[in-house]
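Worksheet: one structure, shown below.
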Amino acid sequence: MTLRRRGEKATISIQEHMAIDVCPGPIRPIKQISDYFPRFPRGLPPDAGPRAAAPPDAPARPAAASAGRRSPSDGARDDDEDVDQLFGAYGASPGPSLGPSPARPPAKPPEDEPDADGYESDDCTALGTLDFSLLYDQENNALHCTISKAKGLKPMDHNGLADPYVKLHLLPGASKANKLRTKTLRNTLNPTWNETLTYYGITDEDMIRKTLRISVCDEDKFRHNEFIGETRVPLKKLKPNHTKTFSICLEKQLPVDKTEDKSLEERGRILISLKYSSQKQGLLVGIVRCAHLAAMDANGYSDPYVKTYLKPDVDKKSKHKTAVKKKTLNPEFNEEFCYEIKHGDLAKKTLEVTVWDYDIGKSNDFIGGVVLGINAKGERLKHWFDCLKNKDKRIERWHTLTNELPGAVLSD
């Protein structure tokens, strides 16, 4: 510290200003403010050990001799040495006969080291988590998807909240035909839906090769809906008739494989029931529903209806037609037609089922069809054979629609 003469303006360096001891008494600088905080995470400083380990019989400094010639600077130096000795004692290693030093704080693990068991990725923290369950009903060829809730979703709106909903797609071949979605919940980052969405017409083959894509989005009234996060579940992970529950961190949007095999594309599926009624002496054909139909209109939907023929049809009286279902790719008809025919003649007949898109002012569009009969193959032949074998028993089967129907007139 610089001494000033009488009448001079007091000056102090910035180093002294930052190291002022504010204890009562004369203002004096100290060596380091950090001396007040005895923290030695990596061991003792090199000069602390020998000072603390001085032998007990070392000669003491004569206090009386030095008392008569103490100056302010000497007092400050002595105080600093006392502080050094004090903090050296805090960090000294205990001898064999001494207990553990009470002043040494217990070692703590670094705070920024992640817990291996509770570690969450950045995407999980930023996008949120989704709880849902899946059930494959093998007997009814249905996949039930129960969307329970989401937690900690990413804020998407100006108010720091979101208007979330969940949509489902089956891959490969994601389209409006296999899109399902929940209702939208407003102004929340922790929505609870408890909704069950069902895919019909799911076969064992689908469970092997298809993947369920689950996306969480934010609905926006005045612009395009925004993507929040997604997860994908290969259906082969599910066991038939066994509910599996998931709690998964949402991920960023993953690319859809555009090079998937085009042979896997389908025109849709149809659920048909067959029954030969002994009482009515005829074949009862039930058109129950369709699923995942191809979109034929510019709005991405179709207006489907179904026609059936029992051929050969000499009199051209075997045509039956369902009602038209507007703007849907998953119509439900639940209509039944009766063909009066002897049971023995069915072996010579073929049932043709075609699905069409109704258009006003122009020709209706062919969506797909299927043929059941003695000349069919695979499930189509088996379905027809089971109907002939089991009188008065209603047998339902799902069939894949094809875009070619041999012998059919592809016009309406």
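Ordered as shown in the structure tokens, chains take letters A, B, and onward, while each chain numbers its residues from 1 and ligands are numbered from 1 in the order shown.
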- Compile the contact shell of Arg209 (chain A) as an MDAnalysis selection string: residues with an atom at most 8 Å away, counting only C-alpha atoms, same-chain residues fewer than 5 positions apart removed. chainID A and resid 234:236
Convert the current residue selection to file output with N, CA and C atoms, as a CSV table (one decimal), in the first residue's frame.
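File selection.csv, as written:
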```csv
chain,number,residue,atom,x,y,z
A,234,PRO,N,-41.5,-52.2,-35.3
A,234,PRO,CA,-41.7,-53.4,-36.2
A,234,PRO,C,-42.7,-54.3,-35.6
A,235,LEU,N,-43.7,-54.6,-36.4
A,235,LEU,CA,-44.9,-55.5,-35.9
A,235,LEU,C,-44.4,-56.9,-35.6
A,236,LYS,N,-43.3,-57.3,-36.1
A,236,LYS,CA,-42.8,-58.6,-35.7
A,236,LYS,C,-42.4,-58.8,-34.2
```
Sorted per-residue table, region 187-214 of chain A near region 163-171 of chain A, closest atoms and distance, 9 Å, only C-alpha atoms, as JSON lines:
```
{"residue": "A:Asn187", "atom": "CA", "partner": "A:Asp163", "partner_atom": "CA", "distance": 5.3}
{"residue": "A:Thr188", "atom": "CA", "partner": "A:Asp163", "partner_atom": "CA", "distance": 6.4}
{"residue": "A:Leu189", "atom": "CA", "partner": "A:Pro164", "partner_atom": "CA", "distance": 7.8}
{"residue": "A:Pro191", "atom": "CA", "partner": "A:Pro164", "partner_atom": "CA", "distance": 7.3}
{"residue": "A:Trp193", "atom": "CA", "partner": "A:Tyr165", "partner_atom": "CA", "distance": 8.6}
{"residue": "A:Leu197", "atom": "CA", "partner": "A:Leu168", "partner_atom": "CA", "distance": 8.6}
{"residue": "A:Arg209", "atom": "CA", "partner": "A:Leu171", "partner_atom": "CA", "distance": 8.7}
{"residue": "A:Lys210", "atom": "CA", "partner": "A:Leu171", "partner_atom": "CA", "distance": 5.5}
{"residue": "A:Thr211", "atom": "CA", "partner": "A:Leu171", "partner_atom": "CA", "distance": 5.1}
{"residue": "A:Leu212", "atom": "CA", "partner": "A:Leu170", "partner_atom": "CA", "distance": 4.9}
{"residue": "A:Arg213", "atom": "CA", "partner": "A:His169", "partner_atom": "CA", "distance": 5.1}
{"residue": "A:Ile214", "atom": "CA", "partner": "A:Leu168", "partner_atom": "CA", "distance": 4.8}
```
Could you take the residues named above and write them with all heavy atoms, as an mmCIF file, in the first residue's frame?
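The file below, part.cif, is the result:
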```
data_model
loop_
_atom_site.group_PDB
_atom_site.id
_atom_site.type_symbol
_atom_site.label_atom_id
_atom_site.label_comp_id
_atom_site.auth_asym_id
_atom_site.auth_seq_id
_atom_site.Cartn_x
_atom_site.Cartn_y
_atom_site.Cartn_z
ATOM 1 N N ASN A 187 -53.552 -26.676 -26.016
ATOM 2 C CA ASN A 187 -52.742 -25.953 -25.025
ATOM 3 C C ASN A 187 -52.206 -26.865 -23.918
ATOM 4 O O ASN A 187 -52.488 -26.672 -22.732
ATOM 5 C CB ASN A 187 -53.553 -24.811 -24.411
ATOM 6 C CG ASN A 187 -53.927 -23.767 -25.444
ATOM 7 O OD1 ASN A 187 -53.158 -23.455 -26.349
ATOM 8 N ND2 ASN A 187 -55.138 -23.222 -25.314
ATOM 9 N N THR A 188 -51.417 -27.850 -24.311
ATOM 10 C CA THR A 188 -50.827 -28.745 -23.314
ATOM 11 C C THR A 188 -49.546 -29.353 -23.862
ATOM 12 O O THR A 188 -49.405 -29.568 -25.073
ATOM 13 C CB THR A 188 -51.805 -29.867 -22.912
ATOM 14 O OG1 THR A 188 -51.164 -30.735 -21.969
ATOM 15 C CG2 THR A 188 -52.239 -30.682 -24.126
ATOM 16 N N LEU A 189 -48.620 -29.614 -22.962
ATOM 17 C CA LEU A 189 -47.399 -30.340 -23.291
ATOM 18 C C LEU A 189 -47.397 -31.729 -22.671
ATOM 19 O O LEU A 189 -46.455 -32.502 -22.860
ATOM 20 C CB LEU A 189 -46.167 -29.561 -22.795
ATOM 21 C CG LEU A 189 -45.962 -28.171 -23.396
ATOM 22 C CD1 LEU A 189 -44.722 -27.505 -22.802
ATOM 23 C CD2 LEU A 189 -45.854 -28.224 -24.914
ATOM 24 N N PRO A 191 -50.316 -34.206 -22.815
ATOM 25 C CA PRO A 191 -51.677 -34.630 -23.163
ATOM 26 C C PRO A 191 -51.969 -36.062 -22.746
ATOM 27 O O PRO A 191 -51.075 -36.913 -22.706
ATOM 28 C CB PRO A 191 -51.692 -34.487 -24.690
ATOM 29 C CG PRO A 191 -50.266 -34.706 -25.075
ATOM 30 C CD PRO A 191 -49.427 -34.116 -23.979
ATOM 31 N N TRP A 193 -54.675 -38.920 -24.016
ATOM 32 C CA TRP A 193 -55.706 -39.253 -25.003
ATOM 33 C C TRP A 193 -56.538 -40.455 -24.570
ATOM 34 O O TRP A 193 -57.760 -40.408 -24.623
ATOM 35 C CB TRP A 193 -55.054 -39.558 -26.349
ATOM 36 C CG TRP A 193 -54.467 -38.388 -27.044
ATOM 37 C CD1 TRP A 193 -55.124 -37.424 -27.755
ATOM 38 C CD2 TRP A 193 -53.070 -38.040 -27.110
ATOM 39 N NE1 TRP A 193 -54.241 -36.505 -28.248
ATOM 40 C CE2 TRP A 193 -52.969 -36.851 -27.878
ATOM 41 C CE3 TRP A 193 -51.910 -38.599 -26.610
ATOM 42 C CZ2 TRP A 193 -51.752 -36.231 -28.147
ATOM 43 C CZ3 TRP A 193 -50.701 -37.995 -26.877
ATOM 44 C CH2 TRP A 193 -50.632 -36.827 -27.632
ATOM 45 N N LEU A 197 -57.049 -46.852 -31.590
ATOM 46 C CA LEU A 197 -57.195 -46.807 -33.042
ATOM 47 C C LEU A 197 -56.941 -48.214 -33.580
ATOM 48 O O LEU A 197 -56.002 -48.885 -33.144
ATOM 49 C CB LEU A 197 -56.201 -45.819 -33.657
ATOM 50 C CG LEU A 197 -56.209 -44.405 -33.049
ATOM 51 C CD1 LEU A 197 -55.085 -43.570 -33.654
ATOM 52 C CD2 LEU A 197 -57.553 -43.732 -33.276
ATOM 53 N N ARG A 209 -43.671 -58.263 -42.046
ATOM 54 C CA ARG A 209 -42.934 -57.339 -42.904
ATOM 55 C C ARG A 209 -43.275 -55.866 -42.711
ATOM 56 O O ARG A 209 -42.605 -55.012 -43.273
ATOM 57 C CB ARG A 209 -43.152 -57.706 -44.367
ATOM 58 C CG ARG A 209 -44.553 -57.463 -44.894
ATOM 59 C CD ARG A 209 -44.657 -57.885 -46.353
ATOM 60 N NE ARG A 209 -45.979 -57.640 -46.927
ATOM 61 C CZ ARG A 209 -46.342 -56.502 -47.504
ATOM 62 N NH1 ARG A 209 -45.480 -55.503 -47.577
ATOM 63 N NH2 ARG A 209 -47.554 -56.355 -48.012
ATOM 64 N N LYS A 210 -44.275 -55.531 -41.918
ATOM 65 C CA LYS A 210 -44.675 -54.131 -41.795
ATOM 66 C C LYS A 210 -44.190 -53.509 -40.477
ATOM 67 O O LYS A 210 -43.918 -54.212 -39.498
ATOM 68 C CB LYS A 210 -46.191 -53.979 -41.920
ATOM 69 C CG LYS A 210 -46.680 -54.136 -43.364
ATOM 70 C CD LYS A 210 -48.125 -53.752 -43.516
ATOM 71 C CE LYS A 210 -48.576 -53.813 -44.976
ATOM 72 N NZ LYS A 210 -47.999 -52.729 -45.787
ATOM 73 N N THR A 211 -44.103 -52.180 -40.493
ATOM 74 C CA THR A 211 -43.681 -51.396 -39.325
ATOM 75 C C THR A 211 -44.716 -50.317 -39.060
ATOM 76 O O THR A 211 -45.218 -49.678 -39.997
ATOM 77 C CB THR A 211 -42.310 -50.738 -39.589
ATOM 78 O OG1 THR A 211 -41.321 -51.759 -39.741
ATOM 79 C CG2 THR A 211 -41.908 -49.834 -38.432
ATOM 80 N N LEU A 212 -45.043 -50.115 -37.792
ATOM 81 C CA LEU A 212 -45.994 -49.070 -37.405
ATOM 82 C C LEU A 212 -45.235 -47.790 -37.084
ATOM 83 O O LEU A 212 -44.338 -47.785 -36.231
ATOM 84 C CB LEU A 212 -46.810 -49.514 -36.187
ATOM 85 C CG LEU A 212 -47.843 -48.499 -35.684
ATOM 86 C CD1 LEU A 212 -48.930 -48.271 -36.716
ATOM 87 C CD2 LEU A 212 -48.446 -48.959 -34.354
ATOM 88 N N ARG A 213 -45.590 -46.730 -37.781
ATOM 89 C CA ARG A 213 -44.985 -45.423 -37.537
ATOM 90 C C ARG A 213 -45.961 -44.577 -36.731
ATOM 91 O O ARG A 213 -47.104 -44.358 -37.137
ATOM 92 C CB ARG A 213 -44.659 -44.737 -38.860
ATOM 93 C CG ARG A 213 -44.108 -43.325 -38.719
ATOM 94 C CD ARG A 213 -44.017 -42.665 -40.093
ATOM 95 N NE ARG A 213 -43.454 -41.330 -40.016
ATOM 96 C CZ ARG A 213 -43.419 -40.492 -41.061
ATOM 97 N NH1 ARG A 213 -43.906 -40.868 -42.226
ATOM 98 N NH2 ARG A 213 -42.896 -39.303 -40.929
ATOM 99 N N ILE A 214 -45.522 -44.082 -35.583
ATOM 100 C CA ILE A 214 -46.360 -43.265 -34.695
ATOM 101 C C ILE A 214 -45.748 -41.873 -34.608
ATOM 102 O O ILE A 214 -44.618 -41.715 -34.149
ATOM 103 C CB ILE A 214 -46.464 -43.896 -33.294
ATOM 104 C CG1 ILE A 214 -46.948 -45.353 -33.400
ATOM 105 C CG2 ILE A 214 -47.389 -43.093 -32.399
ATOM 106 C CD1 ILE A 214 -47.014 -46.078 -32.077
#
```
- Rounded to one decimal in Å, what is the spacing between CA of Arg289 (chain A) and CA of Asn141 (chain A)?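 Between CA of Arg289 (chain A) and CA of Asn141 (chain A) the gap works out to 12.7 Å.
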- Query: With only C-alpha atoms as the atoms that count, which of A:Thr400, A:Gly300, A:Ser277, A:Asn390 lies nearest to Asp206 (chain A)?
  - Reply: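 Under the stated criterion, the closest residue is A:Thr400.
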- Message: Report, in Å with one decimal, the straight-line distance from CA of Ala177 (chain A) to CA of Ile367 (chain A).
- Response: 12.5 Å
- Task: Compare A:Ser273, A:Thr350, A:Thr308, A:Gln279 by their minimum atom-to-atom distance to His383 (chain A), counting only C-alpha atoms, and give me the closest one.
- Result: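 Comparing A:Ser273, A:Thr350, A:Thr308, A:Gln279 against His383 (chain A), the winner is A:Ser273.
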